>>> print(open('query.cif').read())   # mmCIF, C-alpha atoms and all ligand atoms
data_target
#
loop_
_atom_site.label_atom_id
_atom_site.label_comp_id
_atom_site.auth_asym_id
_atom_site.auth_seq_id
_atom_site.Cartn_x
_atom_site.Cartn_y
_atom_site.Cartn_z
CA MET A 177 -10.75 -4.22 -12.20
CA LYS A 178 -10.19 -6.55 -9.32
CA VAL A 179 -8.24 -5.53 -6.25
CA ARG A 180 -7.02 -8.06 -3.70
CA ILE A 181 -6.09 -6.28 -0.48
CA LEU A 182 -3.11 -8.39 0.55
CA GLY A 183 -2.30 -6.72 3.86
CA THR A 184 -3.67 -3.87 5.96
CA ALA A 185 -1.16 -3.23 8.78
CA ALA A 186 1.53 -0.60 9.11
CA GLY A 187 5.18 -1.53 9.68
CA GLY A 188 5.48 -4.38 12.19
CA GLY A 189 2.08 -5.89 11.41
CA LEU A 190 -0.48 -6.94 13.99
CA PRO A 191 0.45 -8.28 16.44
CA GLN A 192 3.93 -6.80 16.34
CA TRP A 193 6.50 -9.37 17.46
CA ASN A 194 7.81 -7.30 20.39
CA CYS A 195 4.59 -5.65 21.53
CA GLY A 196 2.29 -6.78 24.31
CA CYS A 197 -0.11 -3.84 24.16
CA GLU A 198 -3.85 -4.42 24.43
CA VAL A 199 -4.43 -4.31 20.68
CA CYS A 200 -1.58 -6.76 19.96
CA GLY A 201 -2.64 -9.00 22.86
CA GLN A 202 -6.20 -9.14 21.55
CA ALA A 203 -4.92 -9.98 18.05
CA ARG A 204 -2.85 -12.82 19.53
CA ALA A 205 -5.78 -14.13 21.58
CA THR A 206 -8.27 -14.07 18.70
CA ASN A 207 -5.76 -15.03 15.98
CA ARG A 208 -7.00 -12.00 14.03
CA HIS A 209 -3.74 -10.89 12.50
CA ARG A 210 -3.00 -8.15 10.00
CA THR A 211 -0.09 -8.44 7.61
CA GLN A 212 1.77 -5.42 6.29
CA ASP A 213 0.08 -3.19 3.77
CA CYS A 214 0.10 -3.88 0.04
CA LEU A 215 -2.34 -4.92 -2.66
CA ALA A 216 -2.65 -6.70 -5.99
CA ILE A 217 -4.64 -5.23 -8.87
CA THR A 218 -5.72 -6.44 -12.32
CA GLY A 219 -7.77 -5.12 -15.22
CA ASP A 220 -8.28 -8.37 -17.11
CA GLY A 221 -8.11 -10.95 -14.31
CA SER A 222 -4.90 -12.52 -15.61
CA THR A 223 -2.15 -9.87 -15.47
CA TRP A 224 -1.71 -8.59 -11.92
CA TYR A 225 0.37 -5.76 -10.48
CA LEU A 226 1.50 -5.53 -6.90
CA VAL A 227 1.22 -2.11 -5.34
CA ASN A 228 3.96 -2.10 -2.75
CA ALA A 229 5.80 -5.29 -1.82
CA SER A 230 5.35 -5.81 1.88
CA ALA A 231 7.69 -7.61 4.23
CA ASP A 232 4.94 -10.29 4.45
CA LEU A 233 4.71 -10.78 0.69
CA ARG A 234 5.52 -14.50 0.49
CA GLY A 235 2.59 -15.49 2.73
CA GLN A 236 0.32 -12.98 1.01
CA LEU A 237 1.09 -14.44 -2.44
CA LEU A 238 0.55 -18.00 -1.20
CA ALA A 239 -2.84 -16.99 0.23
CA SER A 240 -4.01 -15.61 -3.14
CA PRO A 241 -4.78 -18.40 -5.68
CA GLU A 242 -5.09 -15.91 -8.56
CA LEU A 243 -1.43 -14.94 -8.07
CA ALA A 244 -0.14 -18.52 -8.45
CA PRO A 245 1.58 -19.58 -11.70
CA PRO A 246 -0.57 -21.74 -13.99
CA PRO A 247 0.19 -25.44 -13.34
CA GLY A 248 3.37 -26.64 -15.03
CA THR A 249 4.68 -23.14 -15.74
CA ARG A 250 6.84 -20.43 -14.25
CA ALA A 251 4.59 -17.85 -15.87
CA THR A 252 3.73 -15.72 -12.87
CA PRO A 253 0.63 -13.55 -13.25
CA VAL A 254 2.58 -10.79 -11.44
CA ALA A 255 3.75 -8.34 -14.11
CA GLY A 256 5.43 -5.84 -11.82
CA VAL A 257 5.39 -3.74 -8.68
CA LEU A 258 4.39 -0.12 -8.26
CA LEU A 259 5.87 1.50 -5.15
CA THR A 260 4.21 4.29 -3.21
CA SER A 261 7.29 4.86 -1.05
CA ALA A 262 10.71 3.51 -0.09
CA GLU A 263 9.60 2.61 3.46
CA LEU A 264 10.80 -0.83 4.54
CA ASP A 265 7.28 -2.17 5.20
CA HIS A 266 6.40 -1.35 1.56
CA THR A 267 9.58 -2.58 -0.11
CA LEU A 268 11.19 -5.49 1.76
CA GLY A 269 9.01 -7.88 -0.25
CA LEU A 270 11.01 -7.03 -3.37
CA LEU A 271 13.66 -9.36 -1.96
CA THR A 272 11.04 -12.14 -1.87
CA LEU A 273 10.58 -11.70 -5.64
CA ARG A 274 14.25 -12.29 -6.47
CA GLU A 275 13.50 -15.63 -8.23
CA ALA A 276 11.66 -13.71 -10.98
CA ASP A 277 13.19 -13.84 -14.48
CA ARG A 278 12.68 -10.10 -14.61
CA LEU A 279 10.83 -7.65 -12.45
CA ALA A 280 9.35 -4.35 -13.53
CA VAL A 281 9.40 -1.82 -10.68
CA TRP A 282 7.75 1.58 -10.87
CA ALA A 283 9.16 4.18 -8.49
CA THR A 284 9.94 7.88 -8.36
CA PRO A 285 13.63 8.69 -8.97
CA THR A 286 14.02 9.57 -5.27
CA VAL A 287 12.61 6.21 -4.15
CA ARG A 288 14.66 4.24 -6.67
CA ALA A 289 17.91 5.96 -5.68
CA ALA A 290 17.26 5.37 -1.98
CA LEU A 291 16.35 1.68 -1.99
CA PRO A 292 19.33 0.05 -0.28
CA PHE A 293 18.72 -3.42 -1.73
CA GLY A 294 18.16 -2.42 -5.39
CA PRO A 295 21.77 -3.31 -6.24
CA VAL A 296 21.50 -6.55 -4.22
CA LEU A 297 18.42 -7.61 -6.20
CA GLU A 298 20.09 -6.85 -9.50
CA SER A 299 22.45 -9.79 -8.82
CA TYR A 300 19.42 -12.14 -8.73
CA THR A 301 16.98 -10.85 -11.34
CA PHE A 302 16.73 -8.28 -14.09
CA LEU A 303 15.16 -5.17 -12.62
CA ASP A 304 13.25 -3.23 -15.24
CA TRP A 305 13.02 0.16 -13.52
CA GLN A 306 10.18 2.43 -14.62
CA SER A 307 10.21 6.04 -13.56
CA VAL A 308 7.11 7.43 -11.87
CA THR A 309 6.33 11.10 -12.43
CA PRO A 310 3.34 12.50 -10.55
CA GLY A 311 0.67 13.59 -13.03
CA GLU A 312 1.94 11.41 -15.91
CA PRO A 313 -0.33 8.43 -16.72
CA ILE A 314 1.23 4.95 -16.57
CA PRO A 315 -0.40 2.52 -19.04
CA LEU A 316 -0.52 -1.02 -17.62
CA GLN A 317 -1.36 -4.33 -19.29
CA GLY A 318 -4.95 -5.51 -19.02
CA GLY A 319 -6.60 -2.14 -19.56
CA LEU A 320 -5.56 -0.30 -16.40
CA THR A 321 -3.97 3.12 -16.18
CA ALA A 322 -2.20 4.33 -13.05
CA LEU A 323 -1.70 7.97 -12.20
CA ALA A 324 0.59 8.91 -9.32
CA PHE A 325 0.14 12.05 -7.30
CA ALA A 326 2.18 13.47 -4.43
CA ALA A 327 0.93 12.32 -1.02
CA GLY A 328 3.74 13.02 1.45
CA ASP A 329 7.31 14.26 1.59
CA LYS A 330 8.79 12.47 4.64
CA ARG A 331 11.92 10.43 3.96
CA PRO A 332 12.34 6.96 5.45
CA ARG A 333 14.46 6.96 8.61
CA TYR A 334 17.37 5.19 6.87
CA ALA A 335 17.52 7.63 3.93
CA SER A 336 19.78 10.67 3.65
CA THR A 337 18.04 12.49 0.79
CA PRO A 338 16.07 15.35 2.38
CA ASP A 339 12.29 15.36 2.61
CA ASN A 340 10.76 16.09 -0.79
CA ALA A 341 7.53 15.53 -2.74
CA GLN A 342 8.81 12.33 -4.41
CA TRP A 343 9.05 10.31 -1.20
CA THR A 344 5.41 9.24 -1.06
CA VAL A 345 2.86 9.05 -3.83
CA ALA A 346 -0.71 7.81 -4.03
CA TYR A 347 -1.98 5.99 -7.14
CA ARG A 348 -5.26 6.48 -8.96
CA PHE A 349 -6.07 3.33 -10.99
CA THR A 350 -8.62 3.58 -13.79
CA ASP A 351 -10.16 0.67 -15.70
CA ALA A 352 -11.02 1.88 -19.21
CA ARG A 353 -13.47 -1.01 -19.71
CA THR A 354 -15.62 -0.64 -16.59
CA GLY A 355 -14.86 2.98 -15.71
CA GLY A 356 -13.90 1.80 -12.20
CA VAL A 357 -11.52 4.03 -10.25
CA LEU A 358 -9.54 3.07 -7.15
CA VAL A 359 -7.25 5.41 -5.22
CA TYR A 360 -4.62 3.88 -2.94
CA ALA A 361 -3.06 6.32 -0.46
CA PRO A 362 -1.45 4.42 2.43
CA GLY A 363 1.00 7.20 3.29
CA LEU A 364 -1.17 10.29 3.11
CA ALA A 365 0.40 13.13 5.09
CA ALA A 366 -2.30 15.75 4.55
CA TRP A 367 -5.61 16.10 2.71
CA THR A 368 -4.46 18.65 0.13
CA ALA A 369 -6.13 20.13 -2.95
CA THR A 370 -4.03 17.62 -4.94
CA PHE A 371 -5.62 14.81 -2.96
CA THR A 372 -9.15 16.15 -3.44
CA ALA A 373 -8.49 16.32 -7.19
CA GLY A 374 -6.91 12.84 -7.13
CA ILE A 375 -9.99 11.18 -5.62
CA ALA A 376 -12.57 12.98 -7.80
CA GLY A 377 -15.07 10.45 -9.11
CA ALA A 378 -13.33 7.49 -7.42
CA ASP A 379 -15.38 4.43 -6.47
CA VAL A 380 -13.06 3.38 -3.65
CA VAL A 381 -10.41 5.32 -1.73
CA LEU A 382 -7.98 3.37 0.45
CA LEU A 383 -6.87 5.84 3.07
CA ASP A 384 -4.01 6.01 5.54
CA GLY A 385 -5.18 4.50 8.83
CA THR A 386 -1.83 4.44 10.63
CA PHE A 387 -3.05 6.40 13.63
CA ALA A 388 -6.54 6.86 15.06
CA THR A 389 -5.60 10.02 16.94
CA ASN A 390 -2.94 12.70 17.04
CA HIS A 391 -1.73 11.71 20.50
CA GLU A 392 -0.90 8.08 19.80
CA PHE A 393 2.61 6.79 20.43
CA ALA A 394 5.03 8.53 18.02
CA SER A 395 2.20 9.88 15.86
CA THR A 396 3.52 13.41 15.56
CA GLY A 397 5.79 14.24 12.66
CA MET A 398 5.42 10.76 11.16
CA GLY A 399 3.86 11.95 7.91
CA HIS A 400 0.54 10.18 8.45
CA LEU A 401 -2.80 11.99 8.56
CA SER A 402 -4.67 10.59 11.57
CA MET A 403 -8.17 9.15 11.30
CA GLU A 404 -9.48 11.83 13.65
CA ASP A 405 -8.30 14.42 11.13
CA SER A 406 -9.35 12.56 7.96
CA LEU A 407 -12.82 11.42 9.06
CA PRO A 408 -14.33 14.95 8.97
CA LEU A 409 -12.86 15.32 5.46
CA VAL A 410 -14.29 11.94 4.46
CA ARG A 411 -17.70 13.21 5.55
CA ALA A 412 -17.15 16.51 3.70
CA ASN A 413 -16.24 14.67 0.47
CA PRO A 414 -19.00 12.08 -0.02
CA GLY A 415 -19.15 9.83 -3.06
CA PRO A 416 -16.37 7.24 -2.88
CA ARG A 417 -16.38 4.27 -0.54
CA TYR A 418 -13.57 5.07 1.93
CA MET A 419 -11.57 2.25 3.53
CA TYR A 420 -8.67 2.58 5.95
CA THR A 421 -5.52 0.53 5.50
CA HIS A 422 -1.91 0.60 6.85
CA LEU A 423 -3.19 0.42 10.45
CA ASN A 424 -0.54 0.67 13.11
CA ASN A 425 -0.77 -1.65 16.10
CA THR A 426 -1.28 1.39 18.33
CA ASN A 427 -4.55 2.12 16.50
CA PRO A 428 -7.53 0.53 18.34
CA TYR A 429 -9.32 0.16 14.98
CA ALA A 430 -6.63 -2.38 14.03
CA GLY A 431 -8.08 -4.81 16.58
CA GLU A 432 -11.70 -5.85 16.93
CA PRO A 433 -13.52 -4.32 13.96
CA LEU A 434 -15.07 -1.21 15.54
CA ALA A 435 -17.85 0.50 13.65
CA LEU A 436 -16.81 3.96 12.53
CA ALA A 437 -19.26 6.45 13.98
CA ASP A 438 -21.65 7.01 11.07
CA GLY A 439 -20.58 4.45 8.49
CA ALA A 440 -18.69 7.09 6.49
CA ALA A 441 -15.75 4.72 6.15
CA SER A 442 -14.69 1.20 7.05
CA VAL A 443 -11.50 -0.56 8.01
CA ALA A 444 -10.14 -2.91 5.33
CA THR A 445 -9.31 -6.50 6.19
CA ASP A 446 -6.56 -8.74 4.86
CA GLY A 447 -7.60 -10.73 1.81
CA GLU A 448 -10.62 -8.58 0.94
CA LEU A 449 -11.50 -8.54 -2.79
CA LEU A 450 -12.91 -5.45 -4.48
CA VAL A 451 -14.45 -5.52 -7.96
CA LEU A 452 -14.83 -2.11 -9.61
C1 LIG A 501 5.87 4.58 8.00
O1 LIG A 501 4.86 4.18 7.43
O2 LIG A 501 5.95 5.72 8.46
C2 LIG A 501 7.04 3.66 8.17
O3 LIG A 501 6.77 2.46 7.51
C3 LIG A 501 7.37 3.49 9.60
C4 LIG A 501 8.41 2.41 9.77
O4 LIG A 501 9.52 2.54 9.28
O5 LIG A 501 8.11 1.40 10.43
MN MN A 502 4.65 2.22 6.77
ZN ZN A 503 0.96 -3.50 20.12
#
>>> encode(input="query.cif", output="structure tokens", more="lines below")
Ligand code: MLT
Ligand code: MN
Ligand code: ZN
Amino acid sequence: MKVRILGTAAGGGLPQWNCGCEVCGQARATNRHRTQDCLAITGDGSTWYLVNASADLRGQLLASPELAPPPGTRATPVAGVLLTSAELDHTLGLLTLREADRLAVWATPTVRAALPFGPVLESYTFLDWQSVTPGEPIPLQGGLTALAFAAGDKRPRYASTPDNAQWTVAYRFTDARTGGVLVYAPGLAAWTATFTAGIAGADVVLLDGTFATNHEFASTGMGHLSMEDSLPLVRANPGPRYMYTHLNNTNPYAGEPLALADGAASVATDGELLVL
């Protein structure tokens, strides 16, 4: 499988438009920006799936030649979108896809019911909703299988449905041909037994890097496991290559690439390509 990491920032991106903090200032000065978190994945190199549709999706698609339609066609290589959550940073890009003839969208029933612009989109394109049930394999074109597992229960701020296990899932993607396994968990609230089982044998684990510490601005109760809490667990669970994504602009690791203490994990960068 190939995985194009389209964006690596949490909501707001880096720099955030209304923030003059040191990390945002440095990103402005060096032009080292991060767009909002999502990725594209393929098993056969021609049929691609988006995992989340970030608010920056248009620019991310234009920066990825493999996601362009073949010359003279409207045959997009993008076969659908799998959502990990209903958060705005992960879903606003669905609006960018409204010119599609049809759009397959995988989401848990809670996420589908909450999305405020689902009905708006249905006036522009045919939305082929696919229900995601944690633990039930999702066969995808091109030889990939996705398996969702519960990763967090915090509702988005706009939503009225109470916190529950369907709000945030992680996906485990398996390529039957190469045996490659990627786990994508940008909204991990806690490193549970479910998570340990979900990453067993994985080659790469994309982890929630929203906050570096537990005393960052607004970090408490946000449903994001901090890097200071996940790094010891990364070290205790060797095997996969761990990469942090969904970095908030309050997280110093979002700025100048800082080496993580002992090389146990790295920070993903926009546009990075993984081949598993
Ligand atoms: C989150 O990841 O917790 C949300 O995207 C925060 C937000 O709404 O900006
Ligand atoms: Mn987010
Ligand atoms: Zn900032």
>>> residues_near_ligand(input="query.cif", ligand="ligand LIG 501 (chain A)", cutoff="12 Å", atoms="all atoms listed in the file", output="PyMOL selection string")
chain A and resi 184-189+192+212-214+228+230-231+260-268+328-335+343-344+361-365+384-387+394-401+421-425
>>> closest_residue(input="query.cif", among="A:Leu452, A:Ala229, A:Met419, A:Met177", to="ligand MN 502 (chain A)", atoms="all atoms listed in the file")
A:Ala229
>>> residues_around(input="query.cif", residues="Phe371 (chain A)", least_positions_apart="5", cutoff="12 Å", atoms="only C-alpha atoms", output="ChimeraX atom specification")
/A:310-311,324-328,345-348,359-361,363-366,376,378,381,383,406,409-410,413
>>> residues_around(input="query.cif", residues="Ala251 (chain A)", least_positions_apart="3", cutoff="12 Å", atoms="all atoms listed in the file", output="list in words")
Ser222, Thr223, Trp224, Leu243, Ala244, Pro245, Pro246, Pro247, Gly248, Val254, Ala255, Glu275, Ala276, Asp277 and Arg278 of chain A
>>> atom_distance(input="query.cif", atom1="CA of Ala341 (chain A)", atom2="CA of Leu323 (chain A)")
15.2 Å
>>> residues_around(input="query.cif", residues="region 301-303 of chain A", least_positions_apart="3", cutoff="12 Å", atoms="all atoms listed in the file", output="JSON, numbers by chain")
{"A": [255, 256, 257, 270, 271, 272, 273, 274, 275, 276, 277, 278, 279, 280, 281, 282, 283, 288, 293, 294, 295, 296, 297, 298, 306]}
>>> axis_aligned_box(input="query.cif", around="region 293-308 of chain A", padding_each_side="8 Å", output="JSON")
{"center_x": 14.8, "center_y": -2.4, "center_z": -8.5, "size_x": 31.3, "size_y": 35.6, "size_z": 29.5}
>>> atom_distance(input="query.cif", atom1="CA of Asn390 (chain A)", atom2="CA of Asp405 (chain A)")
8.2 Å
>>> atom_distance(input="query.cif", atom1="CA of Met403 (chain A)", atom2="CA of Ser442 (chain A)")
11.1 Å
>>> residues_near_ligand(input="query.cif", ligand="ligand ZN 503 (chain A)", cutoff="12 Å", atoms="all atoms listed in the file", output="ChimeraX atom specification")
/A:185-204,209-210,392-393,423-428,430-431
>>> closest_residue(input="query.cif", among="A:Thr249, A:Asn340, A:Thr354, A:Thr211", to="Gln236 (chain A)", atoms="all atoms listed in the file")
A:Thr211
>>> closest_residue(input="query.cif", among="A:Ala290, A:Leu259, A:Ala216, A:Leu316", to="Glu242 (chain A)", atoms="all atoms listed in the file")
A:Ala216
>>> residues_near_point(input="query.cif", point="(-12.1, -4.7, 5.1)", cutoff="10 Å", atoms="all atoms listed in the file", output="PyMOL selection string")
chain A and resi 181+184+419-421+433+442-450
>>> closest_residue(input="query.cif", among="A:Asp351, A:Val287, A:Gly439, A:Pro241", to="Leu258 (chain A)", atoms="all atoms listed in the file")
A:Val287
>>> closest_residue(input="query.cif", among="A:Thr286, A:Thr368, A:Gln342, A:Thr350", to="Lys178 (chain A)", atoms="all atoms listed in the file")
A:Thr350
>>> closest_residue(input="query.cif", among="A:Tyr300, A:Ala289, A:Phe349, A:Ala373", to="Val227 (chain A)", atoms="all atoms listed in the file")
A:Phe349
